[in-house]
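Coordinates from my_file-v9.cif are shown below (mmCIF, C-alpha atoms; chains and numbers go by the auth columns).
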```
data_entry
loop_
_atom_site.group_PDB
_atom_site.id
_atom_site.type_symbol
_atom_site.label_atom_id
_atom_site.label_comp_id
_atom_site.label_asym_id
_atom_site.label_seq_id
_atom_site.Cartn_x
_atom_site.Cartn_y
_atom_site.Cartn_z
_atom_site.B_iso_or_equiv
_atom_site.auth_seq_id
_atom_site.auth_asym_id
ATOM 1 C CA MET A 1 9.530 -13.010 -4.900 0.00 1 S
ATOM 2 C CA ARG A 2 7.654 -12.529 -8.151 0.00 2 S
ATOM 3 C CA TYR A 3 9.357 -11.650 -11.428 0.00 3 S
ATOM 4 C CA PHE A 4 8.088 -10.199 -14.691 0.00 4 S
ATOM 5 C CA LEU A 5 9.280 -10.181 -18.280 0.00 5 S
ATOM 6 C CA LEU A 6 9.630 -6.736 -19.824 0.00 6 S
ATOM 7 C CA GLU A 7 9.280 -6.475 -23.564 0.00 7 S
ATOM 8 C CA GLU A 8 9.018 -3.602 -26.004 0.00 8 S
ATOM 9 C CA ASP A 9 5.508 -2.221 -26.501 0.00 9 S
ATOM 10 C CA LYS A 10 5.202 -2.117 -30.275 0.00 10 S
ATOM 11 C CA ASN A 11 1.954 -0.129 -30.056 0.00 11 S
ATOM 12 C CA TYR A 12 3.955 3.101 -30.012 0.00 12 S
ATOM 13 C CA VAL A 13 4.018 3.872 -33.730 0.00 13 S
ATOM 14 C CA ASN A 14 6.404 6.815 -33.303 0.00 14 S
ATOM 15 C CA ARG A 15 8.930 4.967 -31.176 0.00 15 S
ATOM 16 C CA VAL A 16 12.636 5.562 -31.626 0.00 16 S
ATOM 17 C CA LYS A 17 14.302 3.759 -34.513 0.00 17 S
ATOM 18 C CA VAL A 18 18.101 3.746 -34.239 0.00 18 S
ATOM 19 C CA ARG A 19 20.055 3.957 -37.500 0.00 19 S
ATOM 20 C CA ASN A 20 23.245 2.022 -38.260 0.00 20 S
ATOM 21 C CA TRP A 21 23.817 0.996 -34.661 0.00 21 S
ATOM 22 C CA THR A 22 26.079 -1.932 -35.571 0.00 22 S
ATOM 23 C CA LYS A 23 28.687 0.565 -36.786 0.00 23 S
ATOM 24 C CA LYS A 24 28.906 1.905 -33.224 0.00 24 S
ATOM 25 C CA ILE A 25 28.290 -1.198 -31.101 0.00 25 S
ATOM 26 C CA SER A 26 28.889 -4.773 -32.187 0.00 26 S
ATOM 27 C CA ALA A 27 26.285 -7.339 -31.106 0.00 27 S
ATOM 28 C CA LYS A 28 29.201 -9.579 -30.079 0.00 28 S
ATOM 29 C CA ILE A 29 30.361 -6.964 -27.590 0.00 29 S
ATOM 30 C CA LEU A 30 26.860 -6.422 -26.224 0.00 30 S
ATOM 31 C CA TYR A 31 26.139 -9.989 -25.325 0.00 31 S
ATOM 32 C CA ASN A 32 29.515 -11.545 -24.628 0.00 32 S
ATOM 33 C CA LYS A 33 30.426 -9.777 -21.395 0.00 33 S
ATOM 34 C CA SER A 34 32.654 -7.323 -23.288 0.00 34 S
ATOM 35 C CA TYR A 35 30.872 -4.131 -22.257 0.00 35 S
ATOM 36 C CA PHE A 36 34.182 -2.550 -21.266 0.00 36 S
ATOM 37 C CA GLN A 37 34.875 -2.194 -25.017 0.00 37 S
ATOM 38 C CA ILE A 38 31.861 0.096 -25.446 0.00 38 S
ATOM 39 C CA PRO A 39 32.757 3.786 -25.020 0.00 39 S
ATOM 40 C CA LYS A 40 31.257 5.511 -21.957 0.00 40 S
ATOM 41 C CA ARG A 41 29.257 7.843 -24.251 0.00 41 S
ATOM 42 C CA ILE A 42 28.020 7.244 -27.796 0.00 42 S
ATOM 43 C CA VAL A 43 25.976 9.437 -30.129 0.00 43 S
ATOM 44 C CA MET A 44 23.583 7.474 -32.350 0.00 44 S
ATOM 45 C CA GLU A 45 21.368 8.812 -35.085 0.00 45 S
ATOM 46 C CA ILE A 46 17.686 7.941 -35.128 0.00 46 S
ATOM 47 C CA GLU A 47 15.176 7.969 -37.969 0.00 47 S
ATOM 48 C CA PRO A 48 13.877 11.524 -38.424 0.00 48 S
ATOM 49 C CA ASN A 49 10.324 11.929 -37.155 0.00 49 S
ATOM 50 C CA PRO A 50 8.692 15.128 -35.890 0.00 50 S
ATOM 51 C CA LYS A 51 6.583 13.035 -33.485 0.00 51 S
ATOM 52 C CA THR A 52 9.227 10.691 -32.080 0.00 52 S
ATOM 53 C CA ASP A 53 8.028 9.246 -28.778 0.00 53 S
ATOM 54 C CA PHE A 54 11.019 8.950 -26.467 0.00 54 S
ATOM 55 C CA VAL A 55 9.614 6.177 -24.253 0.00 55 S
ATOM 56 C CA ASP A 56 11.264 5.119 -20.988 0.00 56 S
ATOM 57 C CA PHE A 57 12.317 1.682 -22.273 0.00 57 S
ATOM 58 C CA ILE A 58 13.799 1.189 -25.724 0.00 58 S
ATOM 59 C CA MET A 59 14.495 -2.475 -26.332 0.00 59 S
ATOM 60 C CA VAL A 60 15.454 -2.553 -30.000 0.00 60 S
ATOM 61 C CA PRO A 61 18.245 -2.809 -31.033 0.00 61 S
ATOM 62 C CA PHE A 62 19.237 -3.260 -27.348 0.00 62 S
ATOM 63 C CA LEU A 63 17.936 -2.194 -23.952 0.00 63 S
ATOM 64 C CA MET A 64 18.205 1.535 -23.278 0.00 64 S
ATOM 65 C CA VAL A 65 16.479 3.292 -20.394 0.00 65 S
ATOM 66 C CA SER A 66 15.582 6.897 -19.676 0.00 66 S
ATOM 67 C CA GLU A 67 17.030 8.939 -16.823 0.00 67 S
ATOM 68 C CA LYS A 68 13.831 8.298 -14.828 0.00 68 S
ATOM 69 C CA VAL A 69 14.243 4.521 -15.117 0.00 69 S
ATOM 70 C CA LYS A 70 17.994 4.710 -14.429 0.00 70 S
ATOM 71 C CA LYS A 71 17.296 6.451 -11.119 0.00 71 S
ATOM 72 C CA VAL A 72 14.903 3.657 -10.091 0.00 72 S
ATOM 73 C CA ILE A 73 17.340 0.918 -11.100 0.00 73 S
ATOM 74 C CA ASP A 74 20.105 2.666 -9.130 0.00 74 S
ATOM 75 C CA VAL A 75 18.045 2.344 -5.945 0.00 75 S
ATOM 76 C CA PHE A 76 17.781 -1.427 -6.370 0.00 76 S
ATOM 77 C CA GLU A 77 21.135 -2.073 -8.062 0.00 77 S
ATOM 78 C CA PRO A 78 23.515 0.650 -6.798 0.00 78 S
ATOM 79 C CA ASN A 79 26.548 -0.971 -8.473 0.00 79 S
ATOM 80 C CA MET A 80 24.945 -1.121 -11.940 0.00 80 S
ATOM 81 C CA GLN A 81 27.187 0.229 -14.669 0.00 81 S
ATOM 82 C CA TYR A 82 25.858 2.083 -17.713 0.00 82 S
ATOM 83 C CA ARG A 83 26.948 3.418 -21.053 0.00 83 S
ATOM 84 C CA GLU A 84 25.439 6.755 -22.037 0.00 84 S
ATOM 85 C CA ILE A 85 23.686 6.824 -25.399 0.00 85 S
ATOM 86 C CA VAL A 86 22.706 10.150 -26.958 0.00 86 S
ATOM 87 C CA LEU A 87 19.935 9.609 -29.495 0.00 87 S
ATOM 88 C CA LEU A 88 20.031 12.335 -32.137 0.00 88 S
ATOM 89 C CA ASP A 89 17.462 13.337 -34.745 0.00 89 S
ATOM 90 C CA LYS A 90 19.466 15.730 -36.933 0.00 90 S
ATOM 91 C CA LYS A 91 16.609 16.727 -39.207 0.00 91 S
ATOM 92 C CA TYR A 92 14.254 17.810 -36.418 0.00 92 S
ATOM 93 C CA GLU A 93 17.067 18.872 -34.062 0.00 93 S
ATOM 94 C CA LYS A 94 16.028 16.631 -31.179 0.00 94 S
ATOM 95 C CA ALA A 95 18.261 14.715 -28.816 0.00 95 S
ATOM 96 C CA GLU A 96 17.614 12.588 -25.745 0.00 96 S
ATOM 97 C CA VAL A 97 20.023 10.875 -23.390 0.00 97 S
ATOM 98 C CA TYR A 98 19.480 7.193 -22.615 0.00 98 S
ATOM 99 C CA TYR A 99 21.472 4.656 -20.671 0.00 99 S
ATOM 100 C CA LEU A 100 22.545 1.173 -21.666 0.00 100 S
ATOM 101 C CA PRO A 101 22.573 -0.803 -18.394 0.00 101 S
ATOM 102 C CA VAL A 102 25.221 -3.494 -18.085 0.00 102 S
ATOM 103 C CA LEU A 103 22.782 -6.194 -16.989 0.00 103 S
ATOM 104 C CA LYS A 104 23.833 -9.431 -15.380 0.00 104 S
ATOM 105 C CA GLU A 105 23.011 -12.365 -17.646 0.00 105 S
ATOM 106 C CA MET A 106 21.395 -15.320 -15.936 0.00 106 S
ATOM 107 C CA ASN A 107 20.330 -18.768 -17.006 0.00 107 S
ATOM 108 C CA CYS A 108 17.191 -19.147 -14.920 0.00 108 S
ATOM 109 C CA LEU A 109 14.646 -20.464 -17.384 0.00 109 S
ATOM 110 C CA GLY A 110 13.127 -23.733 -16.310 0.00 110 S
ATOM 111 C CA LYS A 111 13.167 -26.919 -18.364 0.00 111 S
ATOM 112 C CA ASN A 112 9.473 -26.485 -19.258 0.00 112 S
ATOM 113 C CA THR A 113 10.032 -23.164 -21.045 0.00 113 S
ATOM 114 C CA VAL A 114 8.648 -23.272 -24.581 0.00 114 S
ATOM 115 C CA PHE A 115 10.426 -21.468 -27.444 0.00 115 S
ATOM 116 C CA ASN A 116 9.705 -21.133 -31.128 0.00 116 S
ATOM 117 C CA LEU A 117 11.876 -23.251 -33.436 0.00 117 S
ATOM 118 C CA ASP A 118 14.917 -20.948 -33.571 0.00 118 S
ATOM 119 C CA HIS A 119 14.698 -19.868 -29.892 0.00 119 S
ATOM 120 C CA SER A 120 14.108 -16.224 -30.899 0.00 120 S
ATOM 121 C CA ILE A 121 10.740 -16.035 -29.113 0.00 121 S
ATOM 122 C CA ILE A 122 9.785 -17.347 -25.700 0.00 122 S
ATOM 123 C CA LYS A 123 6.265 -18.718 -26.142 0.00 123 S
ATOM 124 C CA LYS A 124 5.786 -19.909 -22.568 0.00 124 S
ATOM 125 C CA PRO A 125 8.357 -18.724 -20.034 0.00 125 S
ATOM 126 C CA VAL A 126 8.949 -20.859 -16.955 0.00 126 S
ATOM 127 C CA LEU A 127 11.307 -19.319 -14.420 0.00 127 S
ATOM 128 C CA ASN A 128 13.422 -21.067 -11.810 0.00 128 S
ATOM 129 C CA ARG A 129 13.269 -18.529 -8.960 0.00 129 S
ATOM 130 C CA GLY A 130 16.191 -20.154 -7.155 0.00 130 S
ATOM 131 C CA LYS A 131 18.523 -19.342 -10.052 0.00 131 S
ATOM 132 C CA ALA A 132 17.456 -15.678 -10.133 0.00 132 S
ATOM 133 C CA GLU A 133 19.724 -14.945 -7.145 0.00 133 S
ATOM 134 C CA ASP A 134 17.266 -12.296 -5.940 0.00 134 S
ATOM 135 C CA LYS A 135 18.523 -9.809 -8.565 0.00 135 S
ATOM 136 C CA SER A 136 16.114 -6.953 -9.244 0.00 136 S
ATOM 137 C CA ILE A 137 16.810 -6.730 -12.990 0.00 137 S
ATOM 138 C CA PHE A 138 18.707 -9.025 -15.353 0.00 138 S
ATOM 139 C CA ARG A 139 18.843 -10.408 -18.863 0.00 139 S
ATOM 140 C CA LEU A 140 18.232 -14.008 -19.803 0.00 140 S
ATOM 141 C CA THR A 141 21.107 -15.898 -21.398 0.00 141 S
ATOM 142 C CA GLU A 142 18.603 -17.800 -23.545 0.00 142 S
ATOM 143 C CA GLY A 143 15.947 -16.456 -25.867 0.00 143 S
ATOM 144 C CA PRO A 144 15.625 -13.007 -27.426 0.00 144 S
ATOM 145 C CA ALA A 145 18.146 -10.380 -26.351 0.00 145 S
ATOM 146 C CA SER A 146 15.450 -7.728 -26.063 0.00 146 S
ATOM 147 C CA VAL A 147 13.769 -9.388 -23.068 0.00 147 S
ATOM 148 C CA CYS A 148 14.752 -8.555 -19.537 0.00 148 S
ATOM 149 C CA ILE A 149 13.402 -9.738 -16.206 0.00 149 S
ATOM 150 C CA VAL A 150 12.504 -7.439 -13.321 0.00 150 S
ATOM 151 C CA ARG A 151 11.568 -8.212 -9.753 0.00 151 S
ATOM 152 C CA MET A 152 8.120 -7.085 -8.604 0.00 152 S
ATOM 153 C CA ASP A 153 9.338 -4.354 -6.231 0.00 153 S
ATOM 154 C CA LEU A 154 11.366 -2.656 -8.975 0.00 154 S
ATOM 155 C CA LEU A 155 8.436 -2.942 -11.385 0.00 155 S
ATOM 156 C CA GLU A 156 6.083 -1.364 -8.843 0.00 156 S
ATOM 157 C CA CYS A 157 8.443 1.619 -8.491 0.00 157 S
ATOM 158 C CA LEU A 158 8.571 2.028 -12.267 0.00 158 S
ATOM 159 C CA LEU A 159 4.792 1.927 -12.544 0.00 159 S
ATOM 160 C CA ARG A 160 4.361 4.452 -9.705 0.00 160 S
ATOM 161 C CA ARG A 161 6.638 6.819 -11.648 0.00 161 S
ATOM 162 C CA GLU A 162 4.523 6.230 -14.769 0.00 162 S
ATOM 163 C CA ALA A 163 7.350 4.736 -16.825 0.00 163 S
ATOM 164 C CA TYR A 164 6.088 3.596 -20.216 0.00 164 S
ATOM 165 C CA GLY A 165 7.106 1.941 -23.463 0.00 165 S
ATOM 166 C CA PHE A 166 7.080 -1.651 -22.252 0.00 166 S
ATOM 167 C CA LEU A 167 4.756 -4.598 -21.779 0.00 167 S
ATOM 168 C CA ILE A 168 4.869 -6.906 -18.787 0.00 168 S
ATOM 169 C CA SER A 169 3.987 -10.544 -18.406 0.00 169 S
ATOM 170 C CA GLU A 170 4.462 -12.883 -15.507 0.00 170 S
ATOM 171 C CA PRO A 171 6.126 -16.213 -16.203 0.00 171 S
ATOM 172 C CA GLU A 172 5.109 -19.499 -14.698 0.00 172 S
ATOM 173 C CA TYR A 173 7.444 -20.814 -12.020 0.00 173 S
ATOM 174 C CA GLU A 174 9.037 -24.206 -11.570 0.00 174 S
ATOM 175 C CA ARG A 175 7.991 -26.026 -8.437 0.00 175 S
ATOM 176 C CA GLU A 176 10.588 -26.424 -5.702 0.00 176 S
ATOM 177 C CA GLY A 177 12.838 -29.371 -6.457 0.00 177 S
ATOM 178 C CA GLU A 178 12.248 -29.256 -10.236 0.00 178 S
ATOM 179 C CA GLU A 179 15.334 -28.618 -12.364 0.00 179 S
#
```

Could the structure of this file be written out as structure tokens, please?
Amino acid sequence: MRYFLLEEDKNYVNRVKVRNWTKKISAKILYNKSYFQIPKRIVMEIEPNPKTDFVDFIMVPFLMVSEKVKKVIDVFEPNMQYREIVLLDKKYEKAEVYYLPVLKEMNCLGKNTVFNLDHSIIKKPVLNRGKAEDKSIFRLTEGPASVCIVRMDLLECLLRREAYGFLISEPEYEREGEE
């Protein structure tokens, strides 16, 4: 099965910018398997903008998906848990509901993966398909927190439903027997 990296598309100049999110959700909780500490529903303020583009994937400060994307993920991962995030623009009186998926974290990058010096950017991803456990969507334990991996069939469903706000790239794969 083929996999793809999903990253935020920074070409959307009016994308959502969440304010003071660390007051509501600690980064330690997000990435240390402590999701149960996050309330089931959170209201977060966003930067006021009359032209805010509520894209289907928001990856900064953490992955949030629209209702449309949640429905697709639920088909492939019916046991996925979510936290509901209400994004609120008080000035322009806009609000949208997003979902923070509780993604499985997996260490499936191959030994030939190339990072920048502080491991905050994956320059050349190399995936070990055997370690992906055939999951349809997951987060890498190494590298930037805003990158997630999706299986090709899930990605195709998202593209058919015209989901937007993300860029895709296909990693290289380790050869069988390499580890």

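If only C-alpha atoms are the atoms counted, then among S:Pro50, S:Gly165, S:Gly143, S:Pro39 the closest residue to S:Tyr92 is S:Pro50.
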
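What separates atom CA of S:Leu100 from atom CA of S:Glu84 is a distance of 6.3 Å.
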
(message) If I take atom CA of S:Pro78 and atom CA of S:Ile38, how far is one from the other in Å, to one decimal?
(response) 20.4 Å

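The result of the PyMOL selection byres ((chain S and resi 168) around 8) on the shown file is Phe4, Leu5, Leu6, Glu7, Phe166, Leu167, Ser169 and Glu170 of chain S.
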
(request) Report as a ChimeraX atom specification the residues that result from applying the PyMOL selection byres ((chain S and resi 64) around 7) to the structure here. (result) /S:57-59,62-63,65-66,98-101

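Evaluating the PyMOL selection byres ((chain S and resi 21) around 10) against the shown model yields Lys17, Val18, Arg19, Asn20, Thr22, Lys23, Lys24, Ile25, Ser26, Ala27, Val43, Met44, Glu45, Ile46, Pro61 and Phe62 of chain S.
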
(request) Have a look at S:Lys124, S:Leu154, S:Lys135, S:Asp56 and name the one nearest to S:Val97; count only C-alpha atoms. (result) S:Asp56

(request) Identify which of the residues S:Asp153, S:Asp9, S:Asp118, S:Asp134 lies closest to S:Lys104, counting all atoms listed in the file when measuring atom-to-atom distances. (result) S:Asp134
